[in-house]
$ cat upload.cif   # mmCIF, C-alpha atoms
data_final
#
loop_
_atom_site.label_atom_id
_atom_site.label_comp_id
_atom_site.auth_asym_id
_atom_site.auth_seq_id
_atom_site.Cartn_x
_atom_site.Cartn_y
_atom_site.Cartn_z
CA MET H 1 226.81 260.40 275.19
CA ASN H 2 227.58 257.42 273.04
CA VAL H 3 225.22 255.27 271.05
CA HIS H 4 225.34 251.57 271.73
CA GLU H 5 226.67 250.13 268.50
CA GLU H 6 224.52 247.00 268.68
CA PHE H 7 221.40 249.18 268.55
CA ALA H 8 222.64 251.80 266.06
CA GLU H 9 221.06 250.26 262.95
CA ASP H 10 217.86 249.32 264.73
CA LEU H 11 217.47 252.93 265.84
CA ALA H 12 217.38 254.09 262.21
CA LEU H 13 214.74 251.49 261.34
CA TYR H 14 212.79 252.36 264.48
CA ALA H 15 212.74 256.05 263.47
CA LEU H 16 211.22 254.99 260.15
CA GLY H 17 208.74 252.63 261.83
CA SER H 18 210.32 249.77 259.91
CA LEU H 19 211.64 247.67 262.77
CA GLU H 20 209.82 244.40 263.32
CA ARG H 21 208.09 243.44 266.53
CA ASP H 22 210.66 241.45 268.52
CA GLU H 23 213.52 243.81 267.74
CA ARG H 24 211.26 246.78 268.37
CA LEU H 25 210.33 245.57 271.83
CA ALA H 26 213.96 244.90 272.70
CA LEU H 27 214.97 248.37 271.51
CA GLU H 28 212.17 250.10 273.38
CA LYS H 29 213.30 248.40 276.57
CA HIS H 30 216.84 249.61 275.98
CA LEU H 31 215.65 253.14 275.19
CA GLU H 32 214.02 253.39 278.60
CA GLU H 33 217.46 253.13 280.17
CA CYS H 34 219.76 254.75 277.61
CA ALA H 35 219.78 258.54 277.19
CA GLY H 36 222.48 258.35 274.48
CA CYS H 37 220.34 256.15 272.24
CA ARG H 38 217.29 258.31 272.90
CA ARG H 39 219.24 261.35 271.72
CA GLU H 40 220.36 259.49 268.62
CA LEU H 41 216.78 258.46 267.92
CA ASP H 42 215.69 262.11 267.99
CA LEU H 43 218.43 263.00 265.53
CA LEU H 44 217.45 260.13 263.22
CA ARG H 45 213.86 261.33 263.25
CA GLY H 46 215.10 264.74 262.17
CA ASP H 47 217.10 263.10 259.40
CA MET H 48 214.07 261.11 258.39
CA SER H 49 211.95 264.27 258.10
CA LEU H 50 214.39 265.52 255.48
CA LEU H 51 213.32 262.66 253.23
CA ALA H 52 209.90 264.31 252.98
CA LEU H 53 211.57 267.18 251.16
CA SER H 54 212.60 264.87 248.33
CA VAL H 55 209.06 264.63 247.03
CA ASP H 56 207.94 266.61 244.04
CA GLY H 57 206.22 269.74 245.26
CA ARG H 58 202.56 269.25 244.47
CA VAL H 59 199.86 271.74 245.33
CA PRO H 60 196.50 270.32 246.41
CA ARG H 61 193.43 271.27 244.41
CA ALA H 62 191.59 274.45 245.40
CA HIS H 63 188.53 272.59 246.62
CA SER H 64 190.65 270.97 249.39
CA ARG H 65 191.16 274.39 250.93
CA GLN H 66 187.46 275.22 250.65
CA ARG H 67 186.55 271.86 252.17
CA LEU H 68 188.86 272.48 255.14
CA MET H 69 187.61 276.02 255.77
CA ARG H 70 183.99 274.87 255.57
CA ALA H 71 184.72 272.11 258.11
CA ILE H 72 186.43 274.62 260.39
CA GLY H 73 183.45 276.99 260.11
CA ARG H 74 181.10 274.15 261.03
CA GLU H 75 183.27 273.22 264.00
CA ARG H 76 183.26 276.80 265.23
CA ARG H 77 179.47 276.91 265.13
CA THR H 78 179.18 273.51 266.79
CA ARG H 79 181.64 274.57 269.50
CA SER H 80 179.77 277.77 270.28
CA THR H 81 176.48 275.83 270.33
CA ARG H 82 178.06 273.27 272.63
CA ARG H 83 179.40 276.06 274.84
CA TRP H 84 175.90 277.54 275.03
CA LEU H 85 174.42 274.10 275.66
CA THR H 86 176.82 273.58 278.55
CA VAL H 87 175.61 276.86 280.07
CA VAL H 88 171.89 276.12 279.61
CA PRO H 89 171.70 273.39 282.27
CA TRP H 90 173.26 275.77 284.82
CA PHE H 91 170.68 278.44 284.05
CA ALA H 92 167.91 275.85 284.19
CA ALA H 93 169.20 274.52 287.51
CA ALA H 94 169.39 278.05 288.95
CA ALA H 95 165.87 278.88 287.72
CA LEU H 96 164.59 275.62 289.14
CA ALA H 97 166.23 276.34 292.49
CA ILE H 98 164.65 279.82 292.62
CA LEU H 99 161.27 278.40 291.61
CA ALA H 100 161.57 275.67 294.24
CA PHE H 101 162.37 278.29 296.90
CA VAL H 102 159.40 280.46 295.87
CA VAL H 103 157.07 277.44 295.87
CA TRP H 104 158.44 276.37 299.25
CA ARG H 105 157.89 279.86 300.71
CA SER H 106 154.40 279.98 299.24
CA ASN H 107 153.68 276.52 300.60
CA VAL H 108 154.80 277.54 304.09
CA GLY H 109 152.55 280.64 303.89
CA LEU H 110 149.57 278.57 302.77
CA ARG H 111 150.15 276.07 305.53
CA GLU H 112 150.08 278.88 308.08
CA VAL H 113 146.82 280.23 306.62
CA VAL H 114 145.25 276.75 306.64
CA SER H 115 146.39 276.24 310.21
CA ARG H 116 144.87 279.56 311.32
CA LEU H 117 141.60 278.79 309.50
CA ARG H 118 141.44 275.35 311.10
CA GLN H 119 141.95 276.87 314.55
CA HIS H 120 139.32 279.52 313.86
CA SER H 121 136.90 276.88 312.59
CA ALA H 122 137.49 274.74 315.68
CA ASP H 123 136.85 277.76 317.94
CA GLN H 124 133.64 278.58 316.07
CA GLN H 125 132.52 274.98 316.29
CA ALA H 126 133.14 274.95 320.03
CA GLN H 127 131.19 278.20 320.51
CA LEU H 128 128.36 276.86 318.38
CA GLU H 129 128.18 273.64 320.40
CA LYS H 130 128.11 275.65 323.60
CA ALA H 131 125.33 277.90 322.27
CA ARG H 132 123.34 274.91 321.07
CA SER H 133 123.66 273.33 324.46
CA VAL H 134 122.44 276.51 326.17
CA VAL H 135 119.51 276.88 323.78
CA THR H 136 118.62 273.20 324.09
CA THR H 137 118.69 273.42 327.88
CA LEU H 138 116.51 276.51 327.85
CA THR H 139 114.01 275.32 325.28
CA SER H 140 113.79 271.55 325.63
CA THR H 141 110.35 270.26 326.58
CA ASP H 142 112.16 267.69 328.71
CA ALA H 143 113.95 270.36 330.70
CA MET H 144 113.04 270.58 334.37
CA ARG H 145 112.22 274.22 335.04
CA VAL H 146 112.50 275.36 338.57
CA THR H 147 111.73 278.82 339.84
CA LEU H 148 113.21 279.56 343.19
CA VAL H 149 111.35 282.08 345.32
CA ALA H 150 111.32 283.05 348.97
CA ALA H 151 110.29 280.18 351.26
CA LYS H 152 106.56 279.77 351.96
CA THR H 153 105.66 281.96 348.99
CA PRO H 154 103.25 280.34 346.52
CA PRO H 155 104.60 280.06 342.95
CA GLN H 156 104.01 283.24 340.96
CA PRO H 157 103.80 283.61 337.17
CA GLN H 158 107.25 284.69 335.89
CA GLY H 159 108.67 285.62 332.54
CA LYS H 160 112.32 286.18 331.61
CA ALA H 161 112.94 288.01 328.37
CA PHE H 162 116.40 288.22 326.75
CA TYR H 163 116.67 290.84 324.03
CA VAL H 164 119.64 291.88 321.88
CA ARG H 165 118.67 295.01 320.00
CA ASP H 166 121.32 294.94 317.25
CA LEU H 167 120.53 291.32 316.40
CA SER H 168 116.76 291.69 316.81
CA SER H 169 117.07 288.55 318.87
CA LEU H 170 114.48 287.86 321.57
CA VAL H 171 113.99 284.85 323.85
CA LEU H 172 111.19 284.58 326.42
CA ILE H 173 111.05 281.88 329.03
CA ALA H 174 107.87 281.93 331.12
CA THR H 175 106.83 279.73 334.08
CA ASN H 176 103.80 279.22 336.29
CA LEU H 177 101.47 280.77 333.79
CA PRO H 178 97.78 280.19 334.45
CA SER H 179 96.12 278.02 331.85
CA LEU H 180 93.84 279.79 329.34
CA PRO H 181 90.35 279.09 328.08
CA ALA H 182 89.94 277.70 324.59
CA GLY H 183 90.33 280.26 321.82
CA LYS H 184 92.70 282.38 323.89
CA ALA H 185 96.51 282.69 323.90
CA TYR H 186 99.18 284.80 325.50
CA GLU H 187 100.90 287.40 323.32
CA LEU H 188 104.27 289.02 324.04
CA TRP H 189 104.76 292.69 323.21
CA LEU H 190 107.87 294.77 322.75
CA ILE H 191 107.10 298.33 323.78
CA PRO H 192 109.66 300.65 322.21
CA THR H 193 110.91 303.89 323.71
CA SER H 194 108.73 305.60 321.15
CA GLY H 195 105.89 304.30 319.06
CA ALA H 196 103.24 301.60 319.33
CA PRO H 197 103.85 298.16 320.92
CA LEU H 198 105.22 295.57 318.51
CA PRO H 199 103.79 292.02 318.55
CA ALA H 200 106.59 289.62 319.62
CA GLY H 201 105.02 286.14 319.51
CA VAL H 202 101.84 284.28 320.44
CA PHE H 203 102.10 281.27 322.77
CA ARG H 204 100.23 278.90 325.04
CA PRO H 205 101.76 277.40 328.18
CA ASP H 206 102.15 273.66 328.59
CA ALA H 207 100.49 271.61 331.33
CA HIS H 208 103.04 272.87 333.85
CA GLY H 209 102.47 276.52 332.93
CA SER H 210 105.76 276.84 331.06
CA ALA H 211 106.24 278.50 327.67
CA THR H 212 109.05 279.68 325.44
CA VAL H 213 109.21 282.23 322.62
CA LEU H 214 112.29 282.10 320.38
CA ASN H 215 113.30 284.92 318.04
CA PRO H 216 109.95 286.21 316.82
CA PRO H 217 110.15 288.38 313.67
CA LEU H 218 111.07 291.93 314.75
CA PRO H 219 112.39 295.02 312.98
CA ARG H 220 116.13 295.51 313.48
CA GLY H 221 117.56 297.95 315.99
CA VAL H 222 114.43 298.82 317.97
CA GLU H 223 115.21 300.21 321.40
CA ALA H 224 112.95 298.39 323.90
CA LYS H 225 111.55 300.22 326.91
CA THR H 226 109.29 297.49 328.28
CA PHE H 227 108.08 293.95 327.53
CA ALA H 228 104.48 292.98 328.24
CA ILE H 229 102.24 289.90 328.00
CA THR H 230 98.50 290.15 327.28
CA VAL H 231 95.76 287.60 326.72
CA GLU H 232 94.60 287.73 323.12
CA PRO H 233 92.58 285.65 320.68
CA GLU H 234 94.61 282.51 319.85
CA GLN H 235 95.52 283.79 316.38
CA GLY H 236 97.12 286.83 318.01
CA SER H 237 96.51 290.57 317.59
CA SER H 238 98.37 293.33 315.83
CA ALA H 239 97.82 295.62 318.84
CA PRO H 240 97.07 294.74 322.49
CA THR H 241 93.31 294.32 323.15
CA SER H 242 93.56 293.80 326.91
CA GLN H 243 95.54 295.00 329.91
CA PRO H 244 98.93 293.33 330.46
CA VAL H 245 98.97 290.34 332.74
CA MET H 246 102.74 290.58 333.05
CA LEU H 247 105.04 293.56 332.56
CA GLY H 248 108.74 294.18 332.88
CA SER H 249 111.50 296.63 331.95
CA GLY H 250 115.15 296.11 331.35
CA GLU H 251 117.45 295.76 334.34
CA MET W 100 200.85 281.22 263.72
CA VAL W 101 199.97 278.21 265.84
CA SER W 102 199.24 280.51 268.78
CA ALA W 103 196.78 282.45 266.57
CA ILE W 104 195.08 279.15 265.80
CA ARG W 105 194.85 278.52 269.54
CA SER W 106 192.87 281.78 269.64
CA ARG W 107 190.52 280.29 267.01
CA ASP W 108 191.70 282.64 264.26
CA GLU W 109 190.35 281.18 261.00
CA SER W 110 192.43 283.49 258.81
CA ALA W 111 195.60 282.29 260.58
CA MET W 112 194.51 278.73 259.85
CA ALA W 113 193.99 279.60 256.18
CA HIS W 114 197.44 281.19 256.07
CA LEU W 115 199.04 278.15 257.70
CA TYR W 116 197.28 275.88 255.22
CA ASP W 117 198.51 277.92 252.28
CA ARG W 118 202.07 277.69 253.54
CA TYR W 119 202.27 274.03 254.54
CA SER W 120 199.61 272.15 252.57
CA PRO W 121 201.96 271.49 249.57
CA ILE W 122 204.47 269.58 251.71
CA VAL W 123 201.76 267.63 253.55
CA TYR W 124 199.91 266.83 250.37
CA SER W 125 203.04 265.92 248.40
CA VAL W 126 204.25 263.49 251.04
CA ALA W 127 200.82 261.85 251.36
CA LEU W 128 200.52 261.64 247.59
CA ARG W 129 203.99 260.13 247.26
CA VAL W 130 203.08 257.40 249.77
CA LEU W 131 199.54 256.70 248.63
CA GLY W 132 199.72 257.51 244.92
CA ASP W 133 196.11 258.65 244.99
CA THR W 134 195.02 262.30 244.95
CA GLY W 135 191.70 261.67 246.75
CA ALA W 136 193.33 259.68 249.54
CA ALA W 137 196.10 262.29 249.85
CA GLU W 138 193.50 265.05 250.12
CA ASP W 139 191.77 263.10 252.86
CA ILE W 140 195.03 262.93 254.81
CA LEU W 141 195.55 266.65 254.21
CA GLN W 142 192.08 267.45 255.52
CA GLU W 143 192.49 265.16 258.50
CA ILE W 144 195.83 266.63 259.60
CA PHE W 145 194.86 270.30 259.31
CA LEU W 146 191.49 269.70 260.95
CA GLN W 147 193.22 267.94 263.83
CA LEU W 148 195.64 270.85 264.16
CA TRP W 149 192.66 273.24 264.28
CA ARG W 150 190.91 271.13 266.91
CA SER W 151 194.00 270.53 269.03
CA PRO W 152 196.70 273.12 268.26
CA GLU W 153 198.35 272.17 271.56
CA LEU W 154 199.49 268.94 269.85
CA PHE W 155 202.26 270.99 268.29
CA ASP W 156 204.73 273.07 270.18
CA SER W 157 208.12 274.31 269.17
CA SER W 158 209.84 271.64 271.28
CA ARG W 159 208.63 269.08 268.77
CA GLY W 160 210.72 270.60 265.99
CA ASN W 161 209.86 273.04 263.26
CA LEU W 162 206.32 272.93 261.98
CA ALA W 163 207.13 271.98 258.38
CA ALA W 164 209.20 268.99 259.43
CA TRP W 165 206.65 267.96 262.04
CA LEU W 166 203.77 268.17 259.55
CA SER W 167 205.71 266.23 256.93
CA VAL W 168 206.39 263.40 259.40
CA ILE W 169 202.75 263.37 260.51
CA ALA W 170 201.67 263.27 256.86
CA ARG W 171 204.06 260.43 256.09
CA ASN W 172 203.00 258.43 259.17
CA ARG W 173 199.30 258.94 258.51
CA ALA W 174 199.70 257.93 254.89
CA ILE W 175 201.66 254.81 255.84
CA ASP W 176 198.95 254.01 258.43
CA THR W 177 196.37 254.28 255.66
CA LEU W 178 198.51 252.06 253.49
CA ARG W 179 198.93 249.47 256.23
CA ARG W 180 195.92 249.85 258.43
CA TRP W 181 196.88 246.94 260.60
CA ARG W 182 200.17 248.39 261.78
CA PRO W 183 199.91 251.97 262.93
CA ILE W 184 203.33 253.56 263.13
CA THR W 185 202.85 256.15 265.80
CA ASP W 186 200.44 258.51 267.45
CA ILE W 187 200.46 262.16 266.38
CA ALA W 188 201.15 263.18 269.97
CA ASP W 189 204.39 261.16 269.98
CA VAL W 190 205.98 262.78 266.96
CA ILE W 191 209.05 264.83 267.77
CA VAL W 192 211.29 266.00 264.95
CA SER W 193 214.80 266.99 265.89
CA THR W 194 216.15 269.19 263.15
CA GLU W 195 217.94 272.46 263.33
CA LYS W 196 216.86 273.46 259.86
CA ASP W 197 214.33 276.29 259.78
CA MET W 198 211.86 275.68 256.96
CA SER W 199 209.14 278.18 257.80
CA ALA W 200 210.08 280.38 254.86
CA GLU W 201 209.24 279.26 251.34
CA THR W 202 212.78 279.98 250.13
CA ASP W 203 214.31 277.89 252.93
CA ARG W 204 212.05 274.99 252.08
CA THR W 205 212.84 275.23 248.39
CA ARG W 206 216.55 275.31 249.10
CA ALA W 207 216.27 272.37 251.51
CA MET W 208 214.28 270.36 248.95
CA GLU W 209 216.90 270.94 246.30
CA ARG W 210 219.65 269.88 248.68
CA VAL W 211 217.83 266.69 249.76
CA ARG W 212 217.26 265.69 246.16
CA GLU W 213 220.88 266.36 245.41
CA VAL W 214 222.05 264.20 248.33
CA LEU W 215 219.69 261.37 247.40
CA GLY W 216 220.78 261.64 243.80
CA ASP W 217 224.39 261.19 244.86
CA MET W 218 223.62 258.05 246.88
CA PRO W 219 224.09 254.58 245.41
CA GLY W 220 220.81 253.42 243.87
CA SER W 221 220.42 250.48 246.26
CA GLN W 222 220.80 252.75 249.29
CA ARG W 223 218.31 255.31 248.03
CA GLN W 224 215.90 252.51 247.18
CA ALA W 225 216.17 251.02 250.69
CA LEU W 226 215.49 254.42 252.24
CA GLU W 227 212.54 255.13 249.99
CA LEU W 228 210.98 251.70 250.48
CA ALA W 229 211.17 252.21 254.25
CA TYR W 230 210.06 255.83 254.24
CA PHE W 231 207.49 256.08 251.46
CA ASP W 232 206.26 252.50 251.28
CA GLY W 233 206.37 251.78 255.01
CA MET W 234 208.16 248.49 254.51
CA THR W 235 209.94 246.67 257.31
CA HIS W 236 213.58 245.77 256.83
CA SER W 237 212.58 242.11 256.22
CA GLU W 238 210.17 243.16 253.48
CA ILE W 239 212.83 245.34 251.90
CA ALA W 240 215.32 242.45 252.06
CA ARG W 241 212.82 240.14 250.38
CA LYS W 242 211.99 242.69 247.72
CA THR W 243 215.61 243.61 246.91
CA GLY W 244 217.06 240.12 247.50
CA GLU W 245 219.70 241.53 249.81
CA PRO W 246 220.66 240.30 253.31
CA LEU W 247 218.86 241.82 256.30
CA GLY W 248 222.06 243.21 257.77
CA THR W 249 222.92 244.97 254.51
CA VAL W 250 219.48 246.60 254.39
CA LYS W 251 219.82 247.82 257.95
CA THR W 252 223.29 249.21 257.31
CA ARG W 253 222.20 251.00 254.15
CA ILE W 254 219.22 252.64 255.79
CA ARG W 255 221.24 253.96 258.71
CA ALA W 256 224.04 255.12 256.46
CA GLY W 257 221.55 256.88 254.18
CA LEU W 258 220.04 258.83 257.09
CA LEU W 259 223.49 259.77 258.40
CA THR W 260 224.43 261.03 254.95
CA LEU W 261 221.41 263.32 254.97
CA ARG W 262 222.29 264.54 258.44
CA LYS W 263 225.83 265.31 257.40
CA ALA W 264 224.64 267.27 254.38
CA PHE W 265 222.58 269.60 256.59
CA SER W 266 224.95 269.87 259.54
#
$ encode --input "upload.cif" --output "structure tokens"
Amino acid sequence: MNVHEEFAEDLALYALGSLERDERLALEKHLEECAGCRRELDLLRGDMSLLALSVDGRVPRAHSRQRLMRAIGRERRTRSTRRWLTVVPWFAAAALAILAFVVWRSNVGLREVVSRLRQHSADQQAQLEKARSVVTTLTSTDAMRVTLVAAKTPPQPQGKAFYVRDLSSLVLIATNLPSLPAGKAYELWLIPTSGAPLPAGVFRPDAHGSATVLNPPLPRGVEAKTFAITVEPEQGSSAPTSQPVMLGSGE
Amino acid sequence: MVSAIRSRDESAMAHLYDRYSPIVYSVALRVLGDTGAAEDILQEIFLQLWRSPELFDSSRGNLAAWLSVIARNRAIDTLRRWRPITDIADVIVSTEKDMSAETDRTRAMERVREVLGDMPGSQRQALELAYFDGMTHSEIARKTGEPLGTVKTRIRAGLLTLRKAFS
């Protein structure tokens, strides 16, 4: 491949970096299209490198070598630190992802617990409201109490006792009780399967003959055989002092 | 040796420095005339080779010639900050001469000096002003008082003479 003669001298100057701007631009444009001149330019650069060999051989001072090796050592340390630093964010991200998953799982678990507790609380509240309503109906002084008996039978004194042994819970609802003279009161007795009768509340009926006893203090777990009502002094007695006016056993 | 540097082998780098630092330093010193500035160029070039050994591959020529051209270009850039000659990545040195061995380099240096010594003074001066002082052909013409065309012809002829001596 031949060199274009009009560019031959400029190529030598170009290899040395000594060609001025306008000529340089013109040559560079030509080089894009001319393989022969590109080849010649490579050769001229090789020739040019030979000029470097004409210099007097000088050896740099020893500290230049030490300076270079120190710089290289620093770069090595910086590179390994950088390499570690590039890994750290990945570890952090992975740890964060695991933590986020654990927190999410824990959160879901807690939500389920809260939900169950809320449901349980709502159920309890509903049961409590129902129980309150029942108790209010049974015990309210405004409640209309009606005892239904066989037709043409005059109203008879009646008492309904509700007793739960394990809770020591006792409710008595009495109707049509005869009124009592001053200084006297009715007293309810729990008569256990064994042992002496236990006092279970002193009461006086209202103007309609109705009365209620709610959870008198009783020892826990007493098996009741019979309930009885006697007339006692209004402060009550620790043991019956008269014959029962009303008596009943469990159904 | 360059492949060992790619593997981050510091001892290979030290060995490469010991072998090629004289040529790099001598060229930079010849251009700049200042030992401190030449040492800075030396440091810069070898550090860059350590950081980016891929900048050099055998297709760019032999390492000694490549380093000497880089050293010359860097030194000229330092001398004339406003007109960078070329990027390190663009430097390709086409020479068949193997200068990896100390004896080859010494022999080549002797031969180059001999060829330059045989040249007419004005031709050698034109080459040296362009190569070591980074002058443009117009600057050389002004300095030597010779026509532009003559300067161009002398520079090309000088390079061809060197080529012929090593072919």
$ closest_atom_pairs --input "upload.cif" --of "chain W" --to "chain H" --cutoff "8 Å" --atoms "all atoms listed in the file" --output "JSON lines"
{"residue": "W:Glu109", "atom": "CA", "partner": "H:Ile72", "partner_atom": "CA", "distance": 7.7}
{"residue": "W:Ala113", "atom": "CA", "partner": "H:Met69", "partner_atom": "CA", "distance": 7.3}
{"residue": "W:Tyr116", "atom": "CA", "partner": "H:Arg65", "partner_atom": "CA", "distance": 7.6}
{"residue": "W:Ser120", "atom": "CA", "partner": "H:Pro60", "partner_atom": "CA", "distance": 7.1}
{"residue": "W:Pro121", "atom": "CA", "partner": "H:Val59", "partner_atom": "CA", "distance": 4.7}
{"residue": "W:Ile122", "atom": "CA", "partner": "H:Gly57", "partner_atom": "CA", "distance": 6.7}
{"residue": "W:Tyr124", "atom": "CA", "partner": "H:Pro60", "partner_atom": "CA", "distance": 6.3}
{"residue": "W:Ser125", "atom": "CA", "partner": "H:Arg58", "partner_atom": "CA", "distance": 5.2}
{"residue": "W:Val126", "atom": "CA", "partner": "H:Ala52", "partner_atom": "CA", "distance": 6.0}
{"residue": "W:Arg129", "atom": "CA", "partner": "H:Val55", "partner_atom": "CA", "distance": 6.8}
{"residue": "W:Glu138", "atom": "CA", "partner": "H:Ser64", "partner_atom": "CA", "distance": 6.6}
{"residue": "W:Gln142", "atom": "CA", "partner": "H:Leu68", "partner_atom": "CA", "distance": 6.0}
{"residue": "W:Phe145", "atom": "CA", "partner": "H:Leu68", "partner_atom": "CA", "distance": 7.6}
{"residue": "W:Leu146", "atom": "CA", "partner": "H:Leu68", "partner_atom": "CA", "distance": 7.0}
{"residue": "W:Trp149", "atom": "CA", "partner": "H:Ile72", "partner_atom": "CA", "distance": 7.5}
{"residue": "W:Ala164", "atom": "CA", "partner": "H:Ser49", "partner_atom": "CA", "distance": 5.6}
{"residue": "W:Trp165", "atom": "CA", "partner": "H:Ser49", "partner_atom": "CA", "distance": 7.6}
{"residue": "W:Ser167", "atom": "CA", "partner": "H:Ala52", "partner_atom": "CA", "distance": 6.1}
{"residue": "W:Val168", "atom": "CA", "partner": "H:Ser49", "partner_atom": "CA", "distance": 5.8}
{"residue": "W:Arg171", "atom": "CA", "partner": "H:Ala52", "partner_atom": "CA", "distance": 7.7}
{"residue": "W:Ile184", "atom": "CA", "partner": "H:Gly17", "partner_atom": "CA", "distance": 5.6}
{"residue": "W:Thr185", "atom": "CA", "partner": "H:Gly17", "partner_atom": "CA", "distance": 7.9}
{"residue": "W:Ile191", "atom": "CA", "partner": "H:Asp42", "partner_atom": "CA", "distance": 7.2}
{"residue": "W:Val192", "atom": "CA", "partner": "H:Gly46", "partner_atom": "CA", "distance": 4.9}
{"residue": "W:Ser193", "atom": "CA", "partner": "H:Gly46", "partner_atom": "CA", "distance": 4.4}
{"residue": "W:Thr194", "atom": "CA", "partner": "H:Gly46", "partner_atom": "CA", "distance": 4.7}
{"residue": "W:Arg204", "atom": "CA", "partner": "H:Leu53", "partner_atom": "CA", "distance": 7.9}
{"residue": "W:Ala207", "atom": "CA", "partner": "H:Leu53", "partner_atom": "CA", "distance": 7.0}
{"residue": "W:Met208", "atom": "CA", "partner": "H:Leu53", "partner_atom": "CA", "distance": 4.7}
{"residue": "W:Glu209", "atom": "CA", "partner": "H:Ser54", "partner_atom": "CA", "distance": 7.7}
{"residue": "W:Val211", "atom": "CA", "partner": "H:Ser54", "partner_atom": "CA", "distance": 5.7}
{"residue": "W:Arg212", "atom": "CA", "partner": "H:Ser54", "partner_atom": "CA", "distance": 5.2}
{"residue": "W:Leu215", "atom": "CA", "partner": "H:Ser54", "partner_atom": "CA", "distance": 8.0}
{"residue": "W:Ala229", "atom": "CA", "partner": "H:Ser18", "partner_atom": "CA", "distance": 6.2}
{"residue": "W:Tyr230", "atom": "CA", "partner": "H:Leu16", "partner_atom": "CA", "distance": 6.1}
{"residue": "W:Gly233", "atom": "CA", "partner": "H:Ser18", "partner_atom": "CA", "distance": 6.6}
{"residue": "W:Met234", "atom": "CA", "partner": "H:Ser18", "partner_atom": "CA", "distance": 6.0}
{"residue": "W:Thr235", "atom": "CA", "partner": "H:Ser18", "partner_atom": "CA", "distance": 4.1}
{"residue": "W:His236", "atom": "CA", "partner": "H:Ser18", "partner_atom": "CA", "distance": 6.0}
{"residue": "W:Ser237", "atom": "CA", "partner": "H:Glu20", "partner_atom": "CA", "distance": 8.0}
{"residue": "W:Lys251", "atom": "CA", "partner": "H:Glu9", "partner_atom": "CA", "distance": 5.7}
{"residue": "W:Thr252", "atom": "CA", "partner": "H:Glu9", "partner_atom": "CA", "distance": 6.2}
{"residue": "W:Ile254", "atom": "CA", "partner": "H:Ala12", "partner_atom": "CA", "distance": 6.8}
{"residue": "W:Arg255", "atom": "CA", "partner": "H:Ala12", "partner_atom": "CA", "distance": 5.2}
{"residue": "W:Leu258", "atom": "CA", "partner": "H:Asp47", "partner_atom": "CA", "distance": 5.7}
{"residue": "W:Leu259", "atom": "CA", "partner": "H:Asp47", "partner_atom": "CA", "distance": 7.3}
{"residue": "W:Leu261", "atom": "CA", "partner": "H:Asp47", "partner_atom": "CA", "distance": 6.2}
{"residue": "W:Arg262", "atom": "CA", "partner": "H:Asp47", "partner_atom": "CA", "distance": 5.5}
$ resolve_selection --input "upload.cif" --expression "the PyMOL selection byres ((chain W and resi 222-225) around 9)" --output "count of residues only"
21
$ atom_distance --input "upload.cif" --atom1 "atom CA of H:Arg132" --atom2 "atom CA of H:Leu172"
16.4 Å
$ residues_around --input "upload.cif" --residues "stretch 181-198 of chain H" --least-positions-apart "5" --cutoff "6 Å" --atoms "all atoms listed in the file" --output "list in words"
Phe203, Arg204, Glu223, Ala224, Lys225, Thr226, Phe227, Ala228, Ile229, Thr230, Val231, Glu232, Pro233 and Glu234 of chain H
$ residues_near_point --input "upload.cif" --point "(117.1, 291.2, 315.7)" --cutoff "7 Å" --atoms "only C-alpha atoms" --output "ChimeraX atom specification"
/H:164-169,218-221
$ atom_distance --input "upload.cif" --atom1 "atom CA of H:Val202" --atom2 "atom CA of H:Gly236"
5.9 Å
$ atom_distance --input "upload.cif" --atom1 "atom CA of W:Gly244" --atom2 "atom CA of W:Glu213"
26.6 Å
$ axis_aligned_box --input "upload.cif" --around "stretch 63-79 of chain H" --padding-each-side "4 Å" --output "JSON"
{"center_x": 185.2, "center_y": 274.0, "center_z": 258.1, "size_x": 20.0, "size_y": 14.0, "size_z": 30.9}
$ closest_residue --input "upload.cif" --among "W:Asp176, W:Glu238, W:Glu245, W:Asp217" --to "W:Ala136" --atoms "all atoms listed in the file"
W:Asp176
$ residues_around --input "upload.cif" --residues "W:Ala127" --least-positions-apart "6" --cutoff "6 Å" --atoms "all atoms listed in the file" --output "VMD selection string"
chain W and resid 137 170 to 171 174
$ write_last_selection --input "upload.cif" --atoms "C-alpha atoms" --output "CSV table (one decimal), keeping the file's coordinate frame"
chain,number,residue,atom,x,y,z
W,137,ALA,CA,196.1,262.3,249.8
W,170,ALA,CA,201.7,263.3,256.9
W,171,ARG,CA,204.1,260.4,256.1
W,174,ALA,CA,199.7,257.9,254.9
$ closest_residue --input "upload.cif" --among "W:Leu141, W:Leu131, W:Leu148, W:Leu154" --to "W:Ile175" --atoms "all atoms listed in the file"
W:Leu131
$ closest_residue --input "upload.cif" --among "W:Asp117, W:Glu153, W:Asp108, W:Glu143" --to "W:Arg173" --atoms "all atoms listed in the file"
W:Glu143
$ resolve_selection --input "upload.cif" --expression "the PyMOL selection byres ((chain H and resi 178) around 8)" --output "list in words"
Pro157, Asn176, Leu177, Ser179, Leu180, Pro205 and Gly209 of chain H
$ closest_residue --input "upload.cif" --among "W:Ala163, W:Val214, W:Ala264, W:Leu178" --to "W:Val130" --atoms "all atoms listed in the file"
W:Leu178
